[in-house]
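Listing of final-v7.csv; format and content: CSV, C-alpha atoms and all ligand atoms.
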```csv
chain,number,residue,atom,x,y,z
D,1,MET,CA,78.2,23.4,81.4
D,2,THR,CA,74.6,22.3,81.3
D,3,THR,CA,72.1,21.5,78.6
D,4,ARG,CA,70.8,25.1,79.2
D,5,ALA,CA,74.1,26.4,77.8
D,6,THR,CA,73.6,24.4,74.6
D,7,HIS,CA,70.1,25.6,74.2
D,8,SER,CA,70.8,29.2,75.0
D,9,SER,CA,73.6,29.5,72.5
D,10,ALA,CA,71.4,28.0,69.8
D,11,LEU,CA,68.7,30.4,70.7
D,12,VAL,CA,71.1,33.3,70.7
D,13,TRP,CA,72.2,32.3,67.2
D,14,LEU,CA,68.6,32.1,66.0
D,15,PHE,CA,67.8,35.4,67.6
D,16,VAL,CA,70.8,37.1,66.0
D,17,ALA,CA,70.1,35.5,62.7
D,18,ALA,CA,66.6,36.8,62.8
D,19,LEU,CA,67.7,40.4,63.6
D,20,GLY,CA,70.6,40.4,61.2
D,21,CYS,CA,74.3,40.3,62.1
D,22,GLY,CA,75.2,42.2,65.2
D,23,GLY,CA,71.7,43.3,66.0
D,24,GLY,CA,71.3,41.2,69.1
D,25,ASP,CA,74.8,41.4,70.5
D,26,ALA,CA,74.3,44.1,73.0
D,27,ALA,CA,71.2,42.5,74.6
D,28,HIS,CA,73.3,39.4,75.2
D,29,GLY,CA,76.4,41.1,76.5
D,30,ALA,CA,78.5,40.2,73.5
D,31,PRO,CA,80.9,42.7,72.0
D,32,SER,CA,79.0,45.3,69.8
D,33,SER,CA,81.4,44.9,66.9
D,34,ALA,CA,80.8,41.8,64.9
D,35,GLY,CA,83.9,39.8,64.5
D,36,ALA,CA,85.4,40.9,67.7
D,37,ALA,CA,84.9,37.5,69.1
D,38,SER,CA,86.8,35.7,66.4
D,39,GLY,CA,90.2,34.1,66.6
D,40,SER,CA,92.8,34.1,69.4
D,41,SER,CA,92.2,37.6,70.6
D,42,ALA,CA,88.8,36.6,72.0
D,43,ALA,CA,90.3,33.5,73.6
D,44,ALA,CA,93.1,35.5,75.2
D,45,GLY,CA,90.8,38.3,76.3
D,46,SER,CA,88.3,36.0,77.9
D,47,ALA,CA,90.9,34.5,80.2
D,48,THR,CA,89.6,36.7,83.0
D,49,ALA,CA,85.9,36.2,82.2
D,50,ALA,CA,83.7,34.3,84.6
D,51,PRO,CA,84.2,30.6,83.7
D,52,SER,CA,80.6,29.6,84.0
D,53,ALA,CA,79.2,32.4,81.9
D,54,PRO,CA,77.9,31.2,78.5
D,55,SER,CA,79.1,34.4,76.8
D,56,ALA,CA,82.0,32.9,75.0
D,57,THR,CA,79.8,30.3,73.4
D,58,ALA,CA,77.2,32.8,72.6
D,59,GLN,CA,79.7,35.2,71.1
D,60,ALA,CA,81.1,32.5,68.9
D,61,SER,CA,77.7,31.4,67.8
D,62,ALA,CA,76.6,35.0,67.2
D,63,THR,CA,79.5,35.8,64.8
D,64,GLN,CA,80.0,32.6,62.9
D,65,ALA,CA,78.0,30.8,60.3
D,66,PRO,CA,75.8,28.0,61.7
D,67,GLU,CA,77.7,24.9,62.2
D,68,ASP,CA,77.3,21.8,60.2
D,69,PRO,CA,76.1,19.4,62.8
D,70,ASP,CA,77.7,16.5,61.0
D,71,ALA,CA,81.2,18.2,60.8
D,72,PRO,CA,83.7,16.1,62.7
D,73,PHE,CA,85.4,17.4,65.8
D,74,GLU,CA,89.0,17.9,64.9
D,75,VAL,CA,91.6,16.9,67.5
D,76,ILE,CA,94.9,18.5,68.5
D,77,ASP,CA,96.4,16.2,71.2
D,78,LEU,CA,99.0,17.8,73.4
D,79,HIS,CA,100.7,14.5,74.4
D,80,VAL,CA,101.1,11.3,72.5
D,81,ASP,CA,104.1,9.1,73.4
D,82,THR,CA,104.5,7.2,70.1
D,83,PRO,CA,108.1,8.3,69.5
D,84,TYR,CA,109.2,6.7,72.8
D,85,GLU,CA,107.7,3.4,71.7
D,86,VAL,CA,109.6,3.5,68.4
D,87,HIS,CA,112.8,4.8,70.0
D,88,MET,CA,113.0,2.5,73.1
D,89,LYS,CA,110.7,-0.4,72.3
D,90,ASN,CA,111.5,-1.0,68.7
D,91,ARG,CA,108.0,-0.3,67.4
D,92,PRO,CA,108.2,-0.2,63.6
D,93,VAL,CA,107.9,3.3,62.2
D,94,SER,CA,105.0,2.1,60.1
D,95,LEU,CA,103.1,2.2,63.5
D,96,PRO,CA,101.2,-1.0,63.1
D,97,GLU,CA,100.2,-1.1,66.8
D,98,GLY,CA,99.5,1.1,69.8
D,99,HIS,CA,97.0,3.8,70.6
D,100,ALA,CA,97.9,6.1,67.7
D,101,THR,CA,98.2,4.1,64.5
D,102,PRO,CA,97.6,5.9,61.2
D,103,ASP,CA,94.1,4.4,60.9
D,104,ALA,CA,93.2,5.5,64.5
D,105,LEU,CA,94.5,9.0,63.9
D,106,ARG,CA,92.4,9.3,60.8
D,107,ALA,CA,89.3,7.8,62.4
D,108,GLY,CA,89.7,10.2,65.4
D,109,HIS,CA,89.9,13.2,63.1
D,110,TYR,CA,93.3,14.2,64.3
D,111,VAL,CA,94.7,17.4,62.8
D,112,GLY,CA,97.5,18.0,65.3
D,113,ILE,CA,99.6,15.8,67.5
D,114,VAL,CA,102.4,16.8,70.0
D,115,TYR,CA,105.2,14.2,69.9
D,116,PRO,CA,107.4,14.5,72.9
D,117,LEU,CA,111.1,13.9,72.9
D,118,TYR,CA,110.8,12.0,76.1
D,119,ILE,CA,114.2,11.8,77.7
D,120,ALA,CA,113.6,9.0,80.2
D,121,ASP,CA,115.3,9.3,83.6
D,122,TYR,CA,116.8,5.9,83.1
D,123,MET,CA,117.8,6.3,79.4
D,124,ASN,CA,121.5,6.2,80.4
D,125,HIS,CA,123.1,4.4,83.3
D,126,ASP,CA,124.2,7.7,84.8
D,127,HIS,CA,121.8,10.4,83.7
D,128,PRO,CA,120.0,11.5,80.6
D,129,ARG,CA,121.9,13.7,78.1
D,130,VAL,CA,121.2,16.3,75.5
D,131,ALA,CA,122.5,13.7,73.0
D,132,ASP,CA,119.5,11.5,73.9
D,133,ALA,CA,117.2,14.4,72.8
D,134,GLU,CA,119.1,14.6,69.5
D,135,ALA,CA,118.6,10.9,68.9
D,136,LEU,CA,114.9,11.2,69.7
D,137,LEU,CA,114.5,14.0,67.2
D,138,GLY,CA,116.0,11.6,64.6
D,139,THR,CA,113.4,9.0,65.5
D,140,ILE,CA,110.5,11.5,65.1
D,141,ASP,CA,111.9,12.4,61.7
D,142,ARG,CA,111.9,8.8,60.7
D,143,ILE,CA,108.3,8.4,61.9
D,144,LEU,CA,107.2,11.5,59.9
D,145,SER,CA,109.1,10.4,56.8
D,146,ALA,CA,107.3,7.1,56.9
D,147,HIS,CA,103.9,8.8,56.7
D,148,PRO,CA,104.1,11.6,54.2
D,149,ASP,CA,100.4,11.4,53.4
D,150,LEU,CA,99.4,11.6,57.1
D,151,LEU,CA,101.9,13.6,59.1
D,152,HIS,CA,103.9,16.7,58.5
D,153,ARG,CA,106.1,18.8,60.8
D,154,GLU,CA,104.7,22.1,61.9
D,155,GLY,CA,105.5,24.8,59.3
D,156,ALA,CA,106.2,22.3,56.5
D,157,ASP,CA,104.5,22.8,53.2
D,158,SER,CA,102.4,19.7,53.1
D,159,ALA,CA,98.8,18.6,52.4
D,160,ALA,CA,99.1,15.8,55.0
D,161,PRO,CA,96.2,16.3,57.4
D,162,VAL,CA,98.0,15.9,60.8
D,163,THR,CA,100.5,18.6,62.0
D,164,ALA,CA,103.2,17.1,64.2
D,165,TYR,CA,104.4,19.5,66.9
D,166,LEU,CA,107.4,18.7,69.2
D,167,SER,CA,107.8,18.9,72.9
D,168,ILE,CA,110.4,17.8,75.4
D,169,GLU,CA,109.4,15.6,78.4
D,170,GLY,CA,111.9,15.2,81.1
D,171,GLY,CA,114.3,18.1,80.1
D,172,GLY,CA,116.6,17.6,83.1
D,173,ALA,CA,119.4,16.8,80.6
D,174,PHE,CA,119.5,20.5,79.7
D,175,ALA,CA,121.1,21.2,83.0
D,176,GLU,CA,124.2,20.1,81.1
D,177,ASP,CA,123.9,23.1,78.9
D,178,VAL,CA,120.9,25.4,79.1
D,179,THR,CA,121.8,27.1,75.9
D,180,ALA,CA,121.3,23.8,74.0
D,181,ILE,CA,117.6,24.3,74.3
D,182,ASP,CA,117.8,27.1,71.8
D,183,ARG,CA,118.7,24.8,69.0
D,184,PHE,CA,115.8,22.4,69.8
D,185,ILE,CA,113.3,25.3,69.9
D,186,ALA,CA,114.8,26.4,66.5
D,187,ARG,CA,114.1,22.9,65.3
D,188,GLY,CA,110.4,23.1,66.3
D,189,VAL,CA,110.1,22.2,70.0
D,190,ARG,CA,107.1,24.2,71.3
D,191,LEU,CA,106.8,22.9,74.8
D,192,VAL,CA,109.5,22.1,77.3
D,193,GLY,CA,109.0,20.0,80.5
D,194,LEU,CA,111.9,20.2,83.0
D,195,VAL,CA,111.2,16.9,84.8
D,196,HIS,CA,109.6,13.5,84.4
D,197,ALA,CA,109.0,10.9,87.2
D,198,HIS,CA,112.1,11.9,89.2
D,199,ASP,CA,113.6,15.2,90.4
D,200,SER,CA,116.1,16.7,87.9
D,201,PRO,CA,118.8,19.3,88.4
D,202,LEU,CA,116.3,21.9,87.0
D,203,ALA,CA,113.1,21.2,89.0
D,204,THR,CA,111.4,18.8,91.3
D,205,SER,CA,108.9,16.2,90.1
D,206,ALA,CA,105.3,15.6,91.3
D,207,THR,CA,106.5,12.0,91.9
D,208,GLY,CA,110.0,12.9,93.1
D,209,LYS,CA,111.6,12.9,96.5
D,210,ASP,CA,112.1,16.6,97.2
D,211,ARG,CA,108.8,18.2,96.5
D,212,LYS,CA,109.3,21.2,98.7
D,213,ARG,CA,112.1,22.6,96.6
D,214,GLY,CA,110.9,24.1,93.3
D,215,LEU,CA,113.0,25.2,90.3
D,216,SER,CA,116.7,25.5,90.8
D,217,ASP,CA,118.5,28.7,89.5
D,218,LYS,CA,119.3,26.7,86.4
D,219,GLY,CA,115.7,25.7,86.0
D,220,LYS,CA,114.6,29.3,86.2
D,221,GLU,CA,117.3,30.3,83.7
D,222,LEU,CA,116.0,27.5,81.3
D,223,GLY,CA,112.4,28.6,81.8
D,224,ARG,CA,113.2,32.2,80.9
D,225,ARG,CA,115.2,31.0,78.0
D,226,VAL,CA,112.3,28.9,76.7
D,227,TYR,CA,109.9,31.8,76.9
D,228,ALA,CA,112.3,34.2,75.3
D,229,ALA,CA,112.8,31.8,72.4
D,230,GLY,CA,109.0,31.6,71.8
D,231,ALA,CA,108.4,28.2,73.3
D,232,LEU,CA,106.4,27.3,76.5
D,233,VAL,CA,107.2,25.6,79.8
D,234,ASP,CA,105.2,22.4,80.3
D,235,VAL,CA,104.2,22.1,84.0
D,236,SER,CA,102.9,18.5,83.7
D,237,HIS,CA,105.0,16.2,86.0
D,238,MET,CA,106.2,19.2,88.1
D,239,SER,CA,105.8,19.3,91.8
D,240,ASP,CA,103.5,21.9,93.3
D,241,ALA,CA,106.6,23.9,94.4
D,242,SER,CA,108.0,23.8,90.8
D,243,PHE,CA,104.6,24.9,89.4
D,244,GLU,CA,104.6,27.8,91.8
D,245,ASP,CA,108.0,28.9,90.5
D,246,VAL,CA,106.9,28.8,86.9
D,247,VAL,CA,104.0,31.2,87.5
D,248,PRO,CA,106.1,34.4,87.9
D,249,LEU,CA,108.4,33.3,84.9
D,250,ALA,CA,105.3,32.9,82.7
D,251,LYS,CA,103.8,36.1,83.9
D,252,ALA,CA,107.1,38.1,83.2
D,253,ALA,CA,107.1,36.6,79.7
D,254,GLY,CA,103.3,37.2,79.1
D,255,ALA,CA,103.1,33.5,78.4
D,256,PRO,CA,100.3,31.0,79.0
D,257,ILE,CA,101.0,28.2,81.5
D,258,VAL,CA,100.5,24.9,79.9
D,259,ALA,CA,100.0,21.5,81.6
D,260,THR,CA,100.0,19.2,78.5
D,261,HIS,CA,98.6,16.1,80.2
D,262,SER,CA,97.2,16.6,83.7
D,263,ASN,CA,93.8,16.2,85.2
D,264,ALA,CA,92.0,17.6,88.3
D,265,ARG,CA,93.2,16.6,91.7
D,266,ALA,CA,89.8,17.4,93.2
D,267,LEU,CA,88.5,14.4,91.4
D,268,ALA,CA,91.5,12.0,91.5
D,269,LYS,CA,93.8,12.7,94.3
D,270,HIS,CA,97.1,12.0,92.4
D,271,LYS,CA,100.1,14.2,92.7
D,272,ARG,CA,100.3,14.3,88.9
D,273,ASN,CA,97.0,16.1,88.8
D,274,LEU,CA,96.3,19.8,89.2
D,275,THR,CA,94.8,21.5,92.2
D,276,ASP,CA,91.9,23.9,91.6
D,277,ALA,CA,94.3,26.8,92.5
D,278,GLN,CA,96.7,25.6,89.8
D,279,LEU,CA,93.8,25.3,87.3
D,280,ARG,CA,92.9,28.9,88.1
D,281,ALA,CA,96.5,30.0,87.7
D,282,ILE,CA,96.6,28.3,84.3
D,283,ALA,CA,93.3,30.2,83.4
D,284,ALA,CA,94.6,33.5,84.6
D,285,SER,CA,97.7,33.1,82.3
D,286,GLY,CA,95.5,32.2,79.2
D,287,GLY,CA,97.0,28.7,79.3
D,288,VAL,CA,95.5,25.2,79.1
D,289,ALA,CA,95.4,21.8,80.9
D,290,GLY,CA,95.2,18.8,78.6
D,291,LEU,CA,92.8,16.0,79.7
D,292,ASN,CA,94.9,12.9,80.4
D,293,PHE,CA,93.3,9.5,79.7
D,294,HIS,CA,95.6,7.4,81.9
D,295,GLY,CA,93.4,5.4,84.3
D,296,PRO,CA,95.2,6.2,87.7
D,297,TYR,CA,94.9,10.0,86.9
D,298,LEU,CA,91.2,9.6,86.2
D,299,ARG,CA,90.3,7.8,89.4
D,300,THR,CA,92.4,6.5,92.3
D,301,THR,CA,90.1,3.5,93.0
D,302,GLY,CA,88.3,1.1,90.6
D,303,LYS,CA,88.5,1.0,86.9
D,304,ALA,CA,88.4,4.3,85.0
D,305,LYS,CA,85.7,4.8,82.4
D,306,LEU,CA,85.0,7.3,79.6
D,307,ALA,CA,82.6,9.0,82.0
D,308,ASP,CA,85.6,9.9,84.3
D,309,VAL,CA,87.1,11.9,81.5
D,310,VAL,CA,83.8,13.7,81.1
D,311,ALA,CA,83.8,14.4,84.9
D,312,HIS,CA,87.3,15.8,84.8
D,313,ALA,CA,86.4,17.9,81.8
D,314,LYS,CA,83.4,19.3,83.5
D,315,HIS,CA,85.2,20.1,86.7
D,316,MET,CA,88.1,21.7,84.9
D,317,ILE,CA,85.7,23.8,82.8
D,318,GLU,CA,83.9,24.9,86.0
D,319,VAL,CA,87.1,25.9,87.8
D,320,ALA,CA,89.2,27.2,84.9
D,321,GLY,CA,86.7,28.0,82.1
D,322,ILE,CA,86.0,26.5,78.7
D,323,GLU,CA,89.1,28.3,77.1
D,324,HIS,CA,91.5,26.5,79.3
D,325,VAL,CA,90.8,22.8,78.8
D,326,ALA,CA,92.4,20.7,76.0
D,327,ILE,CA,93.3,17.1,75.2
D,328,GLY,CA,96.5,15.5,76.3
D,329,SER,CA,95.7,11.8,76.0
D,330,ASP,CA,99.0,10.3,77.0
D,331,PHE,CA,98.3,7.7,74.3
D,332,ASP,CA,101.1,5.2,73.9
D,333,GLY,CA,102.3,6.2,77.4
D,334,GLY,CA,99.3,5.6,79.7
D,335,ASN,CA,96.4,3.1,80.0
D,336,PRO,CA,93.3,4.6,78.7
D,337,PRO,CA,89.9,3.5,79.9
D,338,LYS,CA,87.6,1.1,78.1
D,339,GLY,CA,85.6,3.1,75.6
D,340,LEU,CA,88.5,5.4,74.9
D,341,GLY,CA,91.1,2.8,74.0
D,342,ASP,CA,92.8,4.6,71.2
D,343,ALA,CA,92.8,7.7,69.0
D,344,SER,CA,89.9,6.4,66.9
D,345,LYS,CA,87.6,6.8,69.9
D,346,LEU,CA,87.8,10.6,70.3
D,347,PRO,CA,84.5,11.0,68.5
D,348,ASP,CA,82.9,9.0,71.2
D,349,LEU,CA,84.4,11.4,73.8
D,350,ALA,CA,82.9,14.2,71.8
D,351,GLN,CA,79.5,12.6,71.9
D,352,ALA,CA,79.8,12.0,75.7
D,353,LEU,CA,80.7,15.6,76.3
D,354,LEU,CA,77.7,16.8,74.2
D,355,ALA,CA,75.4,14.4,76.1
D,356,ALA,CA,76.8,15.9,79.3
D,357,GLY,CA,75.5,19.3,78.2
D,358,LEU,CA,78.5,20.9,76.4
D,359,SER,CA,77.8,22.8,73.2
D,360,ARG,CA,79.4,21.8,69.9
D,361,SER,CA,81.5,25.0,70.2
D,362,ASP,CA,82.6,24.0,73.7
D,363,VAL,CA,83.8,20.6,72.4
D,364,ARG,CA,85.6,22.3,69.5
D,365,GLN,CA,87.5,24.5,71.9
D,366,ILE,CA,88.5,21.5,74.1
D,367,PHE,CA,89.4,19.3,71.1
D,368,SER,CA,91.4,21.8,69.1
D,369,GLY,CA,90.8,25.5,69.6
D,370,ASN,CA,92.5,26.0,72.9
D,371,ALA,CA,95.5,23.9,72.0
D,372,ARG,CA,95.9,25.8,68.7
D,373,ARG,CA,95.9,29.0,70.6
D,374,VAL,CA,98.7,28.1,73.0
D,375,LEU,CA,100.7,26.3,70.3
D,376,GLY,CA,100.6,29.6,68.3
D,377,TRP,CA,101.8,31.7,71.2
D,378,LYS,CA,104.7,34.1,70.4
D,379,PRO,CA,106.5,36.4,72.8
D,380,ALA,CA,105.8,40.1,72.6
D,381,ALA,CA,108.5,42.0,70.9
D,382,ALA,CA,111.5,42.7,73.2
D,383,PRO,CA,111.3,46.2,74.8
D,384,ARG,CA,113.5,48.7,73.1
D,401,ZN,ZN,104.0,12.2,81.0
```

Spell out the structure here as structure tokens.
Ligand SMILES: [Zn+2]
Amino acid sequence: MTTRATHSSALVWLFVAALGCGGGDAAHGAPSSAGAASGSSAAAGSATAAPSAPSATAQASATQAPEDPDAPFEVIDLHVDTPYEVHMKNRPVSLPEGHATPDALRAGHYVGIVYPLYIADYMNHDHPRVADAEALLGTIDRILSAHPDLLHREGADSAAPVTAYLSIEGGGAFAEDVTAIDRFIARGVRLVGLVHAHDSPLATSATGKDRKRGLSDKGKELGRRVYAAGALVDVSHMSDASFEDVVPLAKAAGAPIVATHSNARALAKHKRNLTDAQLRAIAASGGVAGLNFHGPYLRTTGKAKLADVVAHAKHMIEVAGIEHVAIGSDFDGGNPPKGLGDASKLPDLAQALLAAGLSRSDVRQIFSGNARRVLGWKPAAAPR
């Protein structure tokens, strides 16, 4: 993205506004029917579009009312580890400290937050269990009950501004019983990761020992099950071999590939980050990669800065396209850079992205639009 993109989309809007709705569409390569560019269909359809073309931005500008330049950039964050802090480190459910306090979420204009049921590899002396996931679900419920004016579970009838979505991080415990995942998905889990820092019986980890092996048969069975039940596999923390095994499973299900909290390996050579080929596979599936603010994933030497997040965003947009980059801060799990120290600082990231040449519409897609699209994914009706 360049400043040119910002200016051209503004000019297109002015041009279309002068001609009346739809009049200028054809000249700019936008769909001829007004409204065709709205909603998730446009986002899904543009998965194959050339990433650098400004057409998506132009289309959005051409079919929407002019934006209020003072409107805040709402945030849907794909990975915030607050439940783990409460569950394992006795943080009070009032959330008086950390990266995602109620005040910080409000100041950051959060409207969505994915709380992982993080089943740590060392949670039990032997191995993590499904029962641990049950207990974590209880912890999340306690957090939500403590903040009825701020947080509500996805689907709940509530005026609280922040929707809490659920994910599983480190789902190796489900090797115990892959059918158990169904009841977690039924209780709202939208994203399921099969590993954390170590290899699990389901898949190998980016930071594990056996990175050549990918998903086990059980891992593939779980992946298919997750998609069939309407949730998504999270490829963050997976080894490259495991990622590769997820691609055909996602394709068979028509599902987007989601890396909730992973950056670009081209910029920070860390195994937790995504190669350009993986970013392209994510884009081809209609999926997203969530920008992770953890210092070592932003740069491998020196202190990470807010500018590093901007650099990863720009690279990921260049490789995957604007529809395929989201936010996955890793707040309360990672060490964010100075200038992006907690959830209240997201508006500063928005300003930095605008200063780097992204349009307001680009920032909206990264901050909430793309995440909303994948969180709303549903499997196609089963063939008769
Ligand atoms: Zn993680």

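In terms of minimum interatomic distance to ligand ZN 401 (chain D), D:Val80 ranks closest within D:Leu137, D:Ile327, D:Leu274, D:Val80, counting all atoms listed in the file.
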
Counting all atoms listed in the file, I want the residues whose atoms come within 9 Å of (108.9, 8.2, 71.1) in the file frame, returned as a compact mmCIF listing (two decimals) with C-alpha atoms, in the frame of the given file.
```
# COMPACT_ATOMS: atom_id res chain seq x y z
CA VAL D 80 101.10 11.30 72.50
CA ASP D 81 104.10 9.10 73.40
CA THR D 82 104.50 7.20 70.10
CA PRO D 83 108.10 8.30 69.50
CA TYR D 84 109.20 6.70 72.80
CA GLU D 85 107.70 3.40 71.70
CA VAL D 86 109.60 3.50 68.40
CA HIS D 87 112.80 4.80 70.00
CA MET D 88 113.00 2.50 73.10
CA LYS D 89 110.70 -0.40 72.30
CA TYR D 115 105.20 14.20 69.90
CA PRO D 116 107.40 14.50 72.90
CA LEU D 117 111.10 13.90 72.90
CA TYR D 118 110.80 12.00 76.10
CA LEU D 136 114.90 11.20 69.70
CA LEU D 137 114.50 14.00 67.20
CA THR D 139 113.40 9.00 65.50
CA ILE D 140 110.50 11.50 65.10
CA ASP D 332 101.10 5.20 73.90
```

Quiz item: Which residues sit within 10 Å of ligand ZN 401 (chain D), counting all atoms listed in the file, listed as a VMD selection string?
Solution: chain D and resid 79 to 81 116 118 169 to 170 193 195 to 197 236 to 237 260 to 262 272 292 294 328 to 331 333 to 334

Practice problem: Find the spatial neighbours of range 92-103 of chain D, counting all atoms listed in the file, within a cut-off of 6 Å - ignore same-chain residues fewer than 2 positions away - and output them as a PyMOL selection string. | Solution: chain D and resi 105-106+143+331-332+342-343

Self-check item: Atomic separation - CA of Leu267 in chain D relative to CA of Asp199 in chain D, Å
Solution: 25.1 Å

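You can rank D:Gln365, D:Ser158, D:Ser167, D:Thr179 by their closest distance to Gly321 in chain D using only C-alpha atoms, and at the top of that list sits D:Gln365.
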
Self-check item: For Gly369 in chain D: contacts at 10 Å, only C-alpha atoms, fewer than 3 positions along chain excluded, given as a ChimeraX atom specification
Solution: /D:39-40,43,74-76,323-326,361-366,372-375

Self-check item: Spatial neighbours of range 225-229 of chain D, max dist 10 Å, only C-alpha atoms, sep filter under 4 positions, as a PyMOL selection string
Solution: chain D and resi 178-179+181-183+185-186+189-192+219-221+233+249-250+252-256+377-382

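Of the residues listed (D:Leu232, D:Met316, D:Arg299, D:Pro347), D:Met316 shows the shortest atom-to-atom separation from Thr275 in chain D; distances use only C-alpha atoms.
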
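The spacing separating CA of Asp276 in chain D from CA of Ile119 in chain D amounts to 28.9 Å.
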
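For the atom pair formed by CA of Asp240 in chain D and CA of Gly188 in chain D, the distance is 27.9 Å, given to one decimal.
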
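Distances from D:Gly287, D:Pro72, D:Gly214, D:Gly341 to Ala320 in chain D were compared using only C-alpha atoms, and the smallest one belongs to D:Gly287.
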
Quiz item: Which is closer to Ala259 in chain D than all the others in D:Asp210, D:Asp234, D:Glu318, D:Asp217, using all atoms listed in the file?
Solution: D:Asp234

Reconstruct range 147-162 of chain D at the level of N, CA and C atoms, and format the result as an mmCIF file, in the coordinates of the input.
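Below you can see rebuild.cif, which holds the result:
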```cif
data_model
loop_
_atom_site.group_PDB
_atom_site.id
_atom_site.type_symbol
_atom_site.label_atom_id
_atom_site.label_comp_id
_atom_site.auth_asym_id
_atom_site.auth_seq_id
_atom_site.Cartn_x
_atom_site.Cartn_y
_atom_site.Cartn_z
ATOM 1 N N HIS D 147 105.324 8.490 56.929
ATOM 2 C CA HIS D 147 103.900 8.800 56.700
ATOM 3 C C HIS D 147 103.644 10.114 56.075
ATOM 4 N N PRO D 148 104.217 10.289 54.880
ATOM 5 C CA PRO D 148 104.100 11.600 54.200
ATOM 6 C C PRO D 148 102.679 12.034 53.899
ATOM 7 N N ASP D 149 101.784 11.055 53.774
ATOM 8 C CA ASP D 149 100.400 11.400 53.400
ATOM 9 C C ASP D 149 99.552 11.698 54.676
ATOM 10 N N LEU D 150 100.117 11.442 55.857
ATOM 11 C CA LEU D 150 99.400 11.600 57.100
ATOM 12 C C LEU D 150 99.931 12.731 57.975
ATOM 13 N N LEU D 151 101.267 12.725 58.113
ATOM 14 C CA LEU D 151 101.900 13.600 59.100
ATOM 15 C C LEU D 151 102.861 14.587 58.437
ATOM 16 N N HIS D 152 102.891 15.794 58.980
ATOM 17 C CA HIS D 152 103.900 16.700 58.500
ATOM 18 C C HIS D 152 104.378 17.571 59.725
ATOM 19 N N ARG D 153 105.618 17.987 59.686
ATOM 20 C CA ARG D 153 106.100 18.800 60.800
ATOM 21 C C ARG D 153 105.484 20.188 60.694
ATOM 22 N N GLU D 154 105.289 20.798 61.849
ATOM 23 C CA GLU D 154 104.700 22.100 61.900
ATOM 24 C C GLU D 154 105.518 23.066 60.998
ATOM 25 N N GLY D 155 104.805 23.810 60.188
ATOM 26 C CA GLY D 155 105.500 24.800 59.300
ATOM 27 C C GLY D 155 105.855 24.215 57.958
ATOM 28 N N ALA D 156 105.823 22.886 57.797
ATOM 29 C CA ALA D 156 106.200 22.300 56.500
ATOM 30 C C ALA D 156 105.068 22.513 55.503
ATOM 31 N N ASP D 157 105.452 22.649 54.238
ATOM 32 C CA ASP D 157 104.500 22.800 53.200
ATOM 33 C C ASP D 157 103.989 21.430 52.778
ATOM 34 N N SER D 158 102.842 21.041 53.305
ATOM 35 C CA SER D 158 102.400 19.700 53.100
ATOM 36 C C SER D 158 100.846 19.635 53.158
ATOM 37 N N ALA D 159 100.272 18.749 52.370
ATOM 38 C CA ALA D 159 98.800 18.600 52.400
ATOM 39 C C ALA D 159 98.423 17.479 53.396
ATOM 40 N N ALA D 160 99.415 16.847 54.033
ATOM 41 C CA ALA D 160 99.100 15.800 55.000
ATOM 42 C C ALA D 160 98.260 16.393 56.132
ATOM 43 N N PRO D 161 97.227 15.668 56.548
ATOM 44 C CA PRO D 161 96.200 16.300 57.400
ATOM 45 C C PRO D 161 96.683 16.539 58.883
ATOM 46 N N VAL D 162 97.688 15.816 59.366
ATOM 47 C CA VAL D 162 98.000 15.900 60.800
ATOM 48 C C VAL D 162 99.353 16.702 60.960
#
```
